[in-house]
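Data block for protein_18.tsv (TSV, C-alpha atoms and all ligand atoms):
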chain	number	residue	atom	x	y	z
A	24	MET	CA	-39.27	4.47	-2.55
A	25	ALA	CA	-36.33	6.52	-3.83
A	26	SER	CA	-34.29	4.62	-6.35
A	27	ASP	CA	-30.89	3.46	-5.23
A	28	PHE	CA	-27.86	2.14	-7.09
A	29	GLN	CA	-28.66	-0.52	-9.69
A	30	SER	CA	-25.11	-1.11	-10.85
A	31	ILE	CA	-21.61	-0.66	-9.49
A	32	PRO	CA	-19.65	2.37	-10.73
A	33	VAL	CA	-16.29	1.93	-12.48
A	34	ILE	CA	-13.58	4.41	-11.50
A	35	ASP	CA	-10.82	4.78	-14.06
A	36	LEU	CA	-7.66	5.47	-12.05
A	37	ALA	CA	-5.85	6.66	-15.20
A	38	LEU	CA	-7.88	9.87	-14.87
A	39	ALA	CA	-5.74	10.70	-11.83
A	40	LYS	CA	-2.68	11.13	-14.02
A	41	SER	CA	-3.67	14.39	-15.68
A	42	PRO	CA	-4.60	17.60	-13.85
A	43	ALA	CA	-7.34	18.05	-16.47
A	44	THR	CA	-9.11	14.78	-15.61
A	45	ARG	CA	-8.26	14.32	-11.92
A	46	PRO	CA	-11.22	16.45	-10.71
A	47	ILE	CA	-13.61	14.25	-12.74
A	48	LEU	CA	-12.25	11.16	-11.04
A	49	LEU	CA	-12.52	12.78	-7.59
A	50	GLN	CA	-16.14	13.68	-8.23
A	51	GLN	CA	-17.00	10.15	-9.41
A	52	LEU	CA	-15.15	8.70	-6.44
A	53	HIS	CA	-16.98	10.96	-3.99
A	54	HIS	CA	-20.28	9.75	-5.38
A	55	ALA	CA	-19.24	6.08	-5.21
A	56	LEU	CA	-17.94	6.43	-1.64
A	57	THR	CA	-20.93	8.26	-0.24
A	58	ARG	CA	-23.80	6.76	-2.27
A	59	VAL	CA	-22.80	3.21	-3.14
A	60	GLY	CA	-19.96	1.92	-0.95
A	61	PHE	CA	-18.92	-0.43	-3.76
A	62	LEU	CA	-16.95	0.33	-6.92
A	63	TYR	CA	-14.60	-1.11	-9.49
A	64	VAL	CA	-11.18	0.36	-10.23
A	65	SER	CA	-9.71	0.05	-13.71
A	66	ASN	CA	-6.22	1.08	-14.91
A	67	HIS	CA	-5.04	0.29	-11.41
A	68	ASP	CA	-1.36	-0.28	-12.32
A	69	VAL	CA	-1.11	-3.61	-10.54
A	70	SER	CA	1.02	-5.64	-12.95
A	71	GLN	CA	-0.62	-8.16	-15.27
A	72	GLU	CA	2.08	-10.60	-14.26
A	73	ALA	CA	1.25	-10.43	-10.55
A	74	ILE	CA	-2.42	-11.04	-11.35
A	75	SER	CA	-2.00	-13.81	-13.91
A	76	ASP	CA	0.58	-15.66	-11.78
A	77	LEU	CA	-1.86	-15.62	-8.88
A	78	LYS	CA	-4.80	-16.72	-11.03
A	79	GLN	CA	-2.73	-19.59	-12.35
A	80	LEU	CA	-1.75	-20.63	-8.85
A	81	LEU	CA	-5.29	-20.81	-7.49
A	82	PRO	CA	-6.45	-24.15	-8.95
A	83	GLN	CA	-3.05	-25.70	-8.22
A	84	LEU	CA	-3.23	-24.65	-4.61
A	85	PHE	CA	-6.74	-25.95	-4.02
A	86	GLU	CA	-5.87	-29.22	-5.79
A	87	LEU	CA	-3.17	-29.97	-3.22
A	88	ASP	CA	-3.93	-33.22	-1.44
A	89	PRO	CA	-5.92	-32.97	1.80
A	90	ARG	CA	-2.86	-33.82	3.90
A	91	SER	CA	-0.82	-30.93	2.48
A	92	LYS	CA	-3.70	-28.58	3.13
A	93	ASP	CA	-4.13	-29.86	6.66
A	94	GLU	CA	-0.44	-29.38	7.41
A	95	VAL	CA	-1.00	-25.62	7.10
A	96	ASN	CA	-4.40	-25.65	8.81
A	97	LEU	CA	-5.38	-22.38	10.40
A	98	HIS	CA	-5.65	-24.12	13.74
A	99	ASN	CA	-1.82	-24.32	13.87
A	100	SER	CA	-1.50	-20.55	13.83
A	101	PRO	CA	-1.98	-18.05	16.69
A	102	HIS	CA	-2.05	-15.46	13.88
A	103	PHE	CA	-5.09	-17.05	12.22
A	104	LEU	CA	-3.15	-17.66	9.01
A	105	GLY	CA	-3.49	-20.86	7.00
A	106	TYR	CA	-6.00	-23.17	5.39
A	107	SER	CA	-9.63	-23.62	6.41
A	108	GLN	CA	-11.86	-26.24	4.85
A	109	VAL	CA	-15.42	-25.98	3.56
A	110	GLY	CA	-17.83	-25.83	6.47
A	111	SER	CA	-15.47	-24.22	8.97
A	112	GLU	CA	-17.17	-20.84	8.76
A	113	THR	CA	-20.72	-19.60	9.22
A	114	THR	CA	-22.11	-16.20	8.26
A	115	ALA	CA	-25.50	-14.91	9.39
A	116	GLY	CA	-26.08	-18.28	11.09
A	117	VAL	CA	-25.67	-20.39	7.93
A	118	GLU	CA	-22.67	-22.49	6.90
A	119	ASP	CA	-20.61	-20.97	4.07
A	120	LYS	CA	-19.61	-23.21	1.16
A	121	ARG	CA	-16.02	-22.20	0.58
A	122	GLU	CA	-12.48	-23.20	1.43
A	123	GLN	CA	-9.67	-20.70	1.82
A	124	PHE	CA	-6.02	-20.02	2.41
A	125	GLU	CA	-5.38	-16.94	4.48
A	126	PHE	CA	-2.04	-15.13	4.19
A	127	ALA	CA	-0.78	-11.74	5.40
A	128	THR	CA	2.12	-9.35	5.01
A	129	GLU	CA	5.06	-11.53	6.09
A	130	LEU	CA	6.03	-10.32	9.56
A	131	PRO	CA	7.75	-11.94	12.51
A	132	ASN	CA	5.89	-12.72	15.69
A	133	THR	CA	7.21	-10.16	18.18
A	134	TRP	CA	4.56	-10.71	20.82
A	135	ASP	CA	5.58	-11.40	24.40
A	136	ALA	CA	3.60	-11.45	27.62
A	137	ASP	CA	4.33	-7.75	28.30
A	138	LYS	CA	2.50	-6.72	25.14
A	139	PRO	CA	-1.26	-6.69	24.55
A	140	LEU	CA	-2.56	-10.10	23.52
A	141	TYR	CA	-3.85	-8.77	20.21
A	142	GLU	CA	-0.24	-8.11	19.10
A	143	ARG	CA	-0.09	-11.88	18.63
A	144	LEU	CA	-2.33	-11.49	15.56
A	145	LYS	CA	0.85	-10.43	13.78
A	146	GLY	CA	3.15	-13.24	12.72
A	147	PRO	CA	4.49	-15.37	9.90
A	148	ASN	CA	2.54	-17.19	7.20
A	149	GLN	CA	2.23	-20.94	6.82
A	150	TRP	CA	3.43	-21.70	3.31
A	151	PRO	CA	1.97	-24.93	1.89
A	152	SER	CA	3.78	-27.90	0.33
A	153	HIS	CA	6.87	-29.93	1.23
A	154	ASP	CA	8.14	-29.59	-2.31
A	155	PRO	CA	10.67	-26.74	-1.99
A	156	VAL	CA	10.09	-25.55	-5.57
A	157	ILE	CA	6.29	-25.40	-5.26
A	158	ARG	CA	6.58	-23.82	-1.85
A	159	SER	CA	8.90	-21.12	-3.08
A	160	VAL	CA	6.66	-20.39	-6.09
A	161	ILE	CA	3.63	-20.00	-3.79
A	162	ARG	CA	5.61	-17.77	-1.50
A	163	SER	CA	6.92	-15.50	-4.21
A	164	VAL	CA	3.63	-15.22	-6.14
A	165	VAL	CA	1.57	-14.47	-3.02
A	166	GLY	CA	4.26	-12.21	-1.54
A	167	ARG	CA	4.55	-10.14	-4.70
A	168	TYR	CA	0.77	-9.87	-5.02
A	169	ILE	CA	0.45	-8.61	-1.41
A	170	GLU	CA	3.18	-6.07	-2.07
A	171	GLU	CA	1.52	-4.72	-5.22
A	172	MET	CA	-1.90	-4.61	-3.55
A	173	THR	CA	-0.40	-2.75	-0.58
A	174	GLN	CA	0.81	-0.11	-3.02
A	175	LEU	CA	-2.54	0.07	-4.83
A	176	GLY	CA	-4.24	0.46	-1.44
A	177	GLU	CA	-2.03	3.43	-0.62
A	178	ARG	CA	-2.53	5.08	-4.03
A	179	PHE	CA	-6.26	4.62	-3.65
A	180	LEU	CA	-6.28	6.06	-0.14
A	181	GLN	CA	-4.57	9.19	-1.41
A	182	LEU	CA	-7.42	9.67	-3.89
A	183	VAL	CA	-10.01	8.97	-1.20
A	184	ALA	CA	-8.46	11.69	0.98
A	185	GLU	CA	-8.70	14.15	-1.90
A	186	ALA	CA	-12.24	13.13	-2.84
A	187	LEU	CA	-13.46	13.53	0.74
A	188	GLU	CA	-11.29	16.63	1.33
A	189	ILE	CA	-9.58	15.26	4.41
A	190	PRO	CA	-5.86	15.35	5.23
A	191	THR	CA	-4.00	12.41	3.73
A	192	ASP	CA	-1.73	11.98	6.75
A	193	LYS	CA	-4.73	11.53	9.05
A	194	LEU	CA	-6.12	8.83	6.80
A	195	PHE	CA	-2.78	7.06	6.55
A	196	SER	CA	-2.36	7.20	10.34
A	197	PHE	CA	-5.03	4.49	10.68
A	198	LEU	CA	-3.13	1.93	8.59
A	199	SER	CA	-1.57	-1.25	9.93
A	200	ASP	CA	1.75	-2.84	9.05
A	201	GLN	CA	-0.17	-6.06	8.39
A	202	HIS	CA	-2.61	-6.58	5.52
A	203	ARG	CA	-4.45	-9.85	4.94
A	204	LEU	CA	-5.11	-11.80	1.76
A	205	LYS	CA	-7.56	-14.64	1.33
A	206	LEU	CA	-7.45	-17.06	-1.57
A	207	VAL	CA	-10.98	-18.38	-1.79
A	208	HIS	CA	-12.49	-21.35	-3.65
A	209	TYR	CA	-16.25	-21.85	-3.87
A	210	PRO	CA	-16.72	-25.44	-5.08
A	211	ALA	CA	-19.46	-26.12	-7.63
A	212	SER	CA	-22.72	-26.70	-5.82
A	213	GLU	CA	-23.77	-30.33	-5.98
A	214	SER	CA	-27.19	-29.81	-4.52
A	215	ILE	CA	-30.39	-29.91	-6.57
A	216	ASP	CA	-31.11	-26.41	-5.34
A	217	PRO	CA	-28.95	-24.46	-7.82
A	218	VAL	CA	-28.26	-21.57	-5.47
A	219	GLY	CA	-26.57	-21.91	-2.09
A	220	GLN	CA	-24.65	-19.70	0.31
A	221	GLY	CA	-21.05	-19.18	-0.80
A	222	VAL	CA	-20.69	-16.58	1.92
A	223	GLY	CA	-23.68	-15.05	3.68
A	224	PRO	CA	-24.64	-11.35	3.88
A	225	HIS	CA	-21.98	-9.36	5.73
A	226	LYS	CA	-20.08	-6.08	5.92
A	227	ASP	CA	-16.32	-6.53	5.81
A	228	SER	CA	-15.00	-6.37	9.34
A	229	SER	CA	-11.38	-7.38	9.05
A	230	GLY	CA	-10.03	-4.37	7.24
A	231	TRP	CA	-10.16	-0.80	6.26
A	232	TRP	CA	-10.83	-1.29	2.56
A	233	THR	CA	-11.22	-4.50	0.57
A	234	PHE	CA	-9.73	-4.91	-2.92
A	235	LEU	CA	-11.20	-7.99	-4.51
A	236	LEU	CA	-9.99	-9.91	-7.54
A	237	GLN	CA	-12.81	-11.97	-9.05
A	238	ALA	CA	-10.53	-14.62	-10.47
A	239	SER	CA	-12.98	-16.72	-12.49
A	240	PRO	CA	-14.19	-16.00	-16.05
A	241	PRO	CA	-17.08	-13.51	-16.53
A	242	HIS	CA	-19.75	-16.18	-16.98
A	243	VAL	CA	-19.17	-17.30	-13.37
A	244	LYS	CA	-21.50	-15.18	-11.25
A	245	GLY	CA	-21.96	-14.99	-7.52
A	246	LEU	CA	-21.09	-11.68	-5.87
A	247	GLN	CA	-23.97	-9.34	-5.03
A	248	ALA	CA	-24.23	-6.03	-3.13
A	249	LEU	CA	-27.30	-4.88	-1.22
A	250	ASN	CA	-28.74	-1.46	-2.03
A	251	LYS	CA	-30.79	0.63	0.37
A	252	ASN	CA	-34.05	-0.65	-1.11
A	253	GLY	CA	-33.07	-4.16	-0.12
A	254	GLU	CA	-32.35	-5.27	-3.70
A	255	TRP	CA	-29.40	-7.54	-4.39
A	256	ILE	CA	-27.36	-6.00	-7.23
A	257	HIS	CA	-25.05	-8.26	-9.25
A	258	VAL	CA	-21.36	-7.40	-9.20
A	259	PRO	CA	-20.28	-9.10	-12.42
A	260	VAL	CA	-16.70	-9.96	-13.30
A	261	LEU	CA	-15.17	-7.06	-15.24
A	262	GLN	CA	-11.84	-8.01	-16.74
A	263	ASN	CA	-8.80	-6.00	-15.58
A	264	THR	CA	-10.56	-4.45	-12.60
A	265	PHE	CA	-10.70	-4.89	-8.86
A	266	VAL	CA	-13.90	-4.58	-6.88
A	267	VAL	CA	-13.32	-2.17	-4.01
A	268	ASN	CA	-15.57	-1.97	-0.97
A	269	ILE	CA	-15.60	-0.17	2.33
A	270	GLY	CA	-14.87	-1.97	5.59
A	271	GLN	CA	-16.55	-1.23	8.91
A	272	ALA	CA	-13.65	0.73	10.38
A	273	PHE	CA	-13.83	3.22	7.53
A	274	GLU	CA	-17.54	3.67	8.13
A	275	VAL	CA	-16.71	4.48	11.75
A	276	VAL	CA	-14.01	7.07	11.02
A	277	THR	CA	-16.21	8.79	8.44
A	278	HIS	CA	-19.12	8.90	10.91
A	279	GLY	CA	-21.29	6.83	8.62
A	280	VAL	CA	-20.86	9.14	5.62
A	281	CYS	CA	-19.12	6.31	3.75
A	282	LYS	CA	-21.05	3.13	4.38
A	283	ALA	CA	-19.72	-0.41	4.47
A	284	THR	CA	-22.16	-1.96	2.02
A	285	THR	CA	-23.55	-5.42	2.78
A	286	HIS	CA	-22.67	-8.09	0.22
A	287	ARG	CA	-22.83	-11.87	-0.24
A	288	VAL	CA	-21.75	-14.62	-2.61
A	289	LEU	CA	-24.16	-17.20	-4.00
A	290	SER	CA	-22.70	-20.55	-4.86
A	291	GLY	CA	-23.90	-22.14	-8.07
A	292	PRO	CA	-23.31	-24.93	-10.53
A	293	LEU	CA	-19.85	-23.58	-11.45
A	294	GLU	CA	-16.84	-23.37	-9.14
A	295	ARG	CA	-15.56	-19.88	-8.47
A	296	TYR	CA	-12.27	-18.35	-7.28
A	297	SER	CA	-11.85	-14.96	-5.65
A	298	VAL	CA	-9.10	-13.14	-3.81
A	299	PRO	CA	-9.99	-10.40	-1.32
A	300	PHE	CA	-7.12	-8.23	-0.05
A	301	PHE	CA	-8.01	-6.58	3.26
A	302	GLN	CA	-6.06	-3.38	3.86
A	303	GLY	CA	-5.28	-3.55	7.57
A	304	VAL	CA	-6.23	-1.19	10.39
A	305	ARG	CA	-3.68	-0.36	13.11
A	306	ARG	CA	-4.24	-2.76	16.01
A	307	ASN	CA	-3.82	-0.15	18.75
A	308	LEU	CA	-6.41	2.19	17.24
A	309	THR	CA	-8.88	3.10	19.98
A	310	LYS	CA	-12.59	3.79	19.53
A	311	GLU	CA	-12.06	7.31	20.75
A	312	GLU	CA	-9.34	8.02	18.20
A	313	ALA	CA	-11.31	6.39	15.37
A	314	TRP	CA	-14.33	8.47	16.26
A	315	GLU	CA	-12.60	11.80	16.92
A	316	THR	CA	-9.76	12.12	14.40
A	317	LEU	CA	-11.93	13.11	11.43
A	318	GLN	CA	-14.97	14.29	13.32
A	319	GLU	CA	-14.74	17.90	12.16
A	320	TYR	CA	-14.85	16.85	8.52
A	321	PHE	CA	-17.92	14.63	8.75
A	322	ILE	CA	-20.09	15.83	11.53
A	323	ALA	CA	-22.21	18.11	9.36
A	324	GLU	CA	-22.96	15.36	6.86
A	325	SER	CA	-23.36	12.56	9.34
A	326	THR	CA	-26.83	11.05	9.48
A	327	SER	CA	-26.83	11.44	13.25
A	328	PRO	CA	-25.04	14.44	14.70
A	329	ALA	CA	-25.15	12.96	18.20
A	330	LEU	CA	-21.67	11.99	19.24
A	331	ASP	CA	-22.70	9.71	22.02
A	332	ALA	CA	-22.38	6.25	20.56
A	333	GLY	CA	-22.43	6.15	16.80
A	334	ALA	CA	-25.70	4.34	17.29
A	335	HIS	CA	-26.48	4.57	13.58
A	336	ILE	CA	-23.32	2.67	12.65
A	337	ASP	CA	-23.51	-1.08	12.78
A	338	SER	CA	-20.00	-1.74	14.04
A	339	ALA	CA	-18.98	-4.48	16.44
A	340	PHE	CA	-15.89	-2.36	17.17
A	341	LEU	CA	-17.98	0.61	18.35
A	342	ARG	CA	-20.66	-1.40	20.08
A	343	GLY	CA	-18.33	-3.95	21.65
A	344	LYS	CA	-16.77	-3.97	25.07
A	345	TYR	CA	-13.18	-3.68	23.87
A	346	ASP	CA	-11.44	-0.44	23.40
A	347	THR	CA	-8.97	-1.20	20.62
A	348	TRP	CA	-9.40	-2.40	17.06
A	349	GLY	CA	-6.83	-5.14	17.78
A	350	GLU	CA	-8.79	-6.56	20.67
A	351	SER	CA	-12.09	-6.55	18.80
A	352	GLN	CA	-10.38	-8.28	15.86
A	353	LEU	CA	-8.90	-10.88	18.16
A	354	ARG	CA	-12.35	-11.46	19.68
A	355	THR	CA	-13.92	-11.86	16.21
A	356	LYS	CA	-11.22	-14.31	15.12
A	357	ILE	CA	-11.45	-16.36	18.31
A	358	ARG	CA	-15.24	-16.56	18.07
A	359	SER	CA	-15.02	-17.78	14.47
A	360	HIS	CA	-12.19	-20.24	15.16
A	361	GLN	CA	-12.66	-21.48	18.68
A	362	ASP	CA	-10.18	-24.32	18.21
A	363	VAL	CA	-7.44	-21.72	17.67
A	364	GLY	CA	-8.76	-19.81	20.68
A	365	HIS	CA	-8.62	-22.91	22.83
A	366	LYS	CA	-5.06	-23.70	21.79
A	367	PHE	CA	-3.46	-20.25	21.94
A	368	TYR	CA	-5.80	-17.90	23.79
A	369	ALA	CA	-7.28	-20.07	26.55
A	370	GLU	CA	-7.15	-17.19	29.06
A	371	VAL	CA	-9.67	-15.07	27.12
A	372	LEU	CA	-11.65	-17.75	25.27
A	373	ASP	CA	-14.61	-17.90	27.67
A	374	GLN	CA	-14.79	-14.17	28.01
A	375	TYR	CA	-14.81	-13.53	24.24
A	376	VAL	CA	-17.19	-16.34	23.38
A	377	ASN	CA	-19.74	-15.45	26.04
A	378	ASP	CA	-19.62	-11.67	26.10
A	379	ASP	CA	-22.63	-10.78	23.95
A	380	VAL	CA	-25.20	-10.82	26.71
B	401	LIG	O1	-15.68	-14.00	-2.96
B	401	LIG	C1	-16.07	-12.88	-3.11
B	401	LIG	O2	-16.33	-12.41	-4.22
B	401	LIG	C2	-16.30	-11.97	-1.92
B	401	LIG	C3	-15.78	-12.54	-0.64
B	401	LIG	C4	-16.10	-11.68	0.54
B	401	LIG	O3	-16.98	-10.86	0.52
B	401	LIG	C5	-15.28	-11.79	1.77
B	401	LIG	O4	-14.52	-12.76	1.91
B	401	LIG	O5	-15.36	-10.88	2.62
B	402	FE	FE	-16.75	-9.45	2.11
Using the file provided, produce a representation of the structure as structure tokens.
Amino acid sequence: MASDFQSIPVIDLALAKSPATRPILLQQLHHALTRVGFLYVSNHDVSQEAISDLKQLLPQLFELDPRSKDEVNLHNSPHFLGYSQVGSETTAGVEDKREQFEFATELPNTWDADKPLYERLKGPNQWPSHDPVIRSVIRSVVGRYIEEMTQLGERFLQLVAEALEIPTDKLFSFLSDQHRLKLVHYPASESIDPVGQGVGPHKDSSGWWTFLLQASPPHVKGLQALNKNGEWIHVPVLQNTFVVNIGQAFEVVTHGVCKATTHRVLSGPLERYSVPFFQGVRRNLTKEEAWETLQEYFIAESTSPALDAGAHIDSAFLRGKYDTWGESQLRTKIRSHQDVGHKFYAEVLDQYVNDDV
């Protein structure tokens, strides 16, 4: 069997700053995008302050009393923003052992009945705590972090366009106004079996690219990426880096040339914190547009030149019955959180929950 990646490449974004080193970076990035689908970025220019403030906030947030957490429960929000407790999510048919707060770019809810239902995914955050000081700290730390990550995402996308030799404006035309951030806590496993499922094997489906901060010290392990030989490769904590991985929509628009690599998190005897930032995809993006916009750049390299269905790409968006990215996202969210579906999306709940036959 041909050997596949055994470690995750580190891309030093400082190389982009000099015309002498930029081509080296682009070459390394091309390799990481087309052969691995997972990478680290260092010298990313996200401020130390934004990162350390967020890291400091994490334990405080998860130590809030259960009532304060429940007051911002995700089931209050038609935008699927808020707190979800351990056990509220399953991946690959097994319960995940993690709790999380989900936030997004702060935007008003502008949905009304004349607009597509998926426009209701956009809306304001639920900020925890009745204490006005704590609440305002959470809001400013998370808000600033989202802002800085939005900028990193755009800088990175510019480099991706250059590395893949595709027009930057076409790549940027897929972006949403709303990006999502999850603050995740994997509690220490109490079971005798030292290894459990933090989150099961998956490809990221909620965004375009994921920029992940592994917020625990380096001796806390857990994240693993799957190579083509079926080996789980550790993705250790590297200080001052973000882990970057490809989401399913990007695999679609690159015709499978850049693969969304499967990954998972094992829970263990130590608690772990992580913070994935999901760069958002425009909700009204249609399958046709996603498939056709960059076709000319990828068709020669694509593993299957047939245009008929993208059969080689494992994408619920492509395979599903719904034409827009927004609607397939709404379906995914409703299926994972049926209580929210029941409360806010009763008219489509049955259809979305029972449409896989
Ligand atoms: O916690 C991590 O390190 C990764 C989490 C993850 O893969 C996800 O939430 O999509
Ligand atoms: Fe993920």
Task: Close residues, Gly343 of chain A itself excluded, 12 Å, only C-alpha atoms, min 3 positions apart in chain, as a count of residues only - done: 21
Open item on the list: At a cut-off of 7 Å, using all atoms listed in the file, what residues contact Asp119 of chain A? Leave out same-chain residues fewer than 3 positions from it and give the result as JSON, numbers by chain.
Closed with: {"A": [110, 112, 113, 114, 220, 221, 222, 223]}
Once you have the residues from the selection above, write them out as an mmCIF file, in the coordinates of the input, restricted to C-alpha atoms.
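Result file follows (part_7.cif):
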data_model
loop_
_atom_site.group_PDB
_atom_site.id
_atom_site.type_symbol
_atom_site.label_atom_id
_atom_site.label_comp_id
_atom_site.auth_asym_id
_atom_site.auth_seq_id
_atom_site.Cartn_x
_atom_site.Cartn_y
_atom_site.Cartn_z
ATOM 1 C CA GLY A 110 -17.830 -25.830 6.470
ATOM 2 C CA GLU A 112 -17.170 -20.840 8.760
ATOM 3 C CA THR A 113 -20.720 -19.600 9.220
ATOM 4 C CA THR A 114 -22.110 -16.200 8.260
ATOM 5 C CA GLN A 220 -24.650 -19.700 0.310
ATOM 6 C CA GLY A 221 -21.050 -19.180 -0.800
ATOM 7 C CA VAL A 222 -20.690 -16.580 1.920
ATOM 8 C CA GLY A 223 -23.680 -15.050 3.680
#
Open item on the list: as a PyMOL selection string, please: every protein or nucleic acid residue near ligand LIG 401 (chain B) (cut-off 10 Å, counting all atoms listed in the file).
Closed with: chain A and resi 121+123+204-209+221-230+233-239+244-248+258-260+266+268+270+285-290+295-301
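Between atom CA of Ala73 of chain A and atom CA of Tyr168 of chain A there is a distance of 5.6 Å.
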Task: Contacts of Glu370 of chain A at 12 Å (only C-alpha atoms; same-chain gap of 5+ positions) as a VMD selection string - done: chain A and resid 140 357 364 to 365 375 to 376
Task: Residues within 8 Å of Leu198 of chain A, only C-alpha atoms, excluding chain neighbours under 3 positions, as an MDAnalysis selection string - done: chainID A and resid 194:195 231 302:305
TODO: Find the distance between atom CA of Trp150 of chain A and atom CA of Ser100 of chain A and write it in Å to one decimal.
DONE: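 Going from atom CA of Trp150 of chain A over to atom CA of Ser100 of chain A covers 11.7 Å.
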Open item on the list: Restricting the calculation to only C-alpha atoms and all ligand atoms: of A:Arg90, A:Arg45, A:Thr284, A:His202, which residue gets closest to ligand FE 402 (chain B)?
Closed with: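 Nearest candidate to ligand FE 402 (chain B) out of A:Arg90, A:Arg45, A:Thr284, A:His202: A:Thr284.
Among the candidate residues A:Tyr320, A:Trp134, A:Phe61, A:Phe28, the one lying nearest to ligand FE 402 (chain B) is A:Phe61, with distances computed using only C-alpha atoms and all ligand atoms.
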Task: Surrounding residues of segment 46-53 of chain A excluding itself and chain neighbours under 3 positions, 9 Å, only C-alpha atoms, as a VMD selection string - done: chain A and resid 32 to 39 42 to 43 56 to 58 62 182 to 183 185 to 187
Open item on the list: Rounded to one decimal, what separation in Å do you get between atom CA of Gly146 of chain A and atom CA of Gln374 of chain A?
Closed with: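 About the pair atom CA of Gly146 of chain A and atom CA of Gln374 of chain A: they are 23.6 Å apart.
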- [ ] Rank A:Phe85, A:Phe273, A:Phe103, A:Phe197 by their smallest atom-to-atom distance to His360 of chain A, using all atoms listed in the file, and report the top residue only.
- [x] A:Phe103
Task: Spatial sel., origin (3.4, -25.2, 2.5), limit 12 Å, only C-alpha atoms, listed as number ranges by chain - done: A: 84, 87-88, 90-96, 104-106, 124, 126, 148-162
Report, as AutoDock Vina command-line options, the centre and edge lengths in Å (one decimal) of the axis-aligned box enclosing every listed atom of segment 133-147 of chain A, padded by 8 Å on each side.
--center_x 1.7 --center_y -11.0 --center_z 19.1 --size_x 27.1 --size_y 24.7 --size_z 34.4
Task: Proximity to ligand FE 402 (chain B) - best of A:Asp137, A:Glu294, A:Glu315, A:Ala283, only C-alpha atoms and all ligand atoms - done: A:Ala283
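Distances here use all atoms listed in the file; by that measure, the residue among A:Gly291, A:Tyr63, A:Val267, A:Leu341 closest to Val243 of chain A is A:Gly291.
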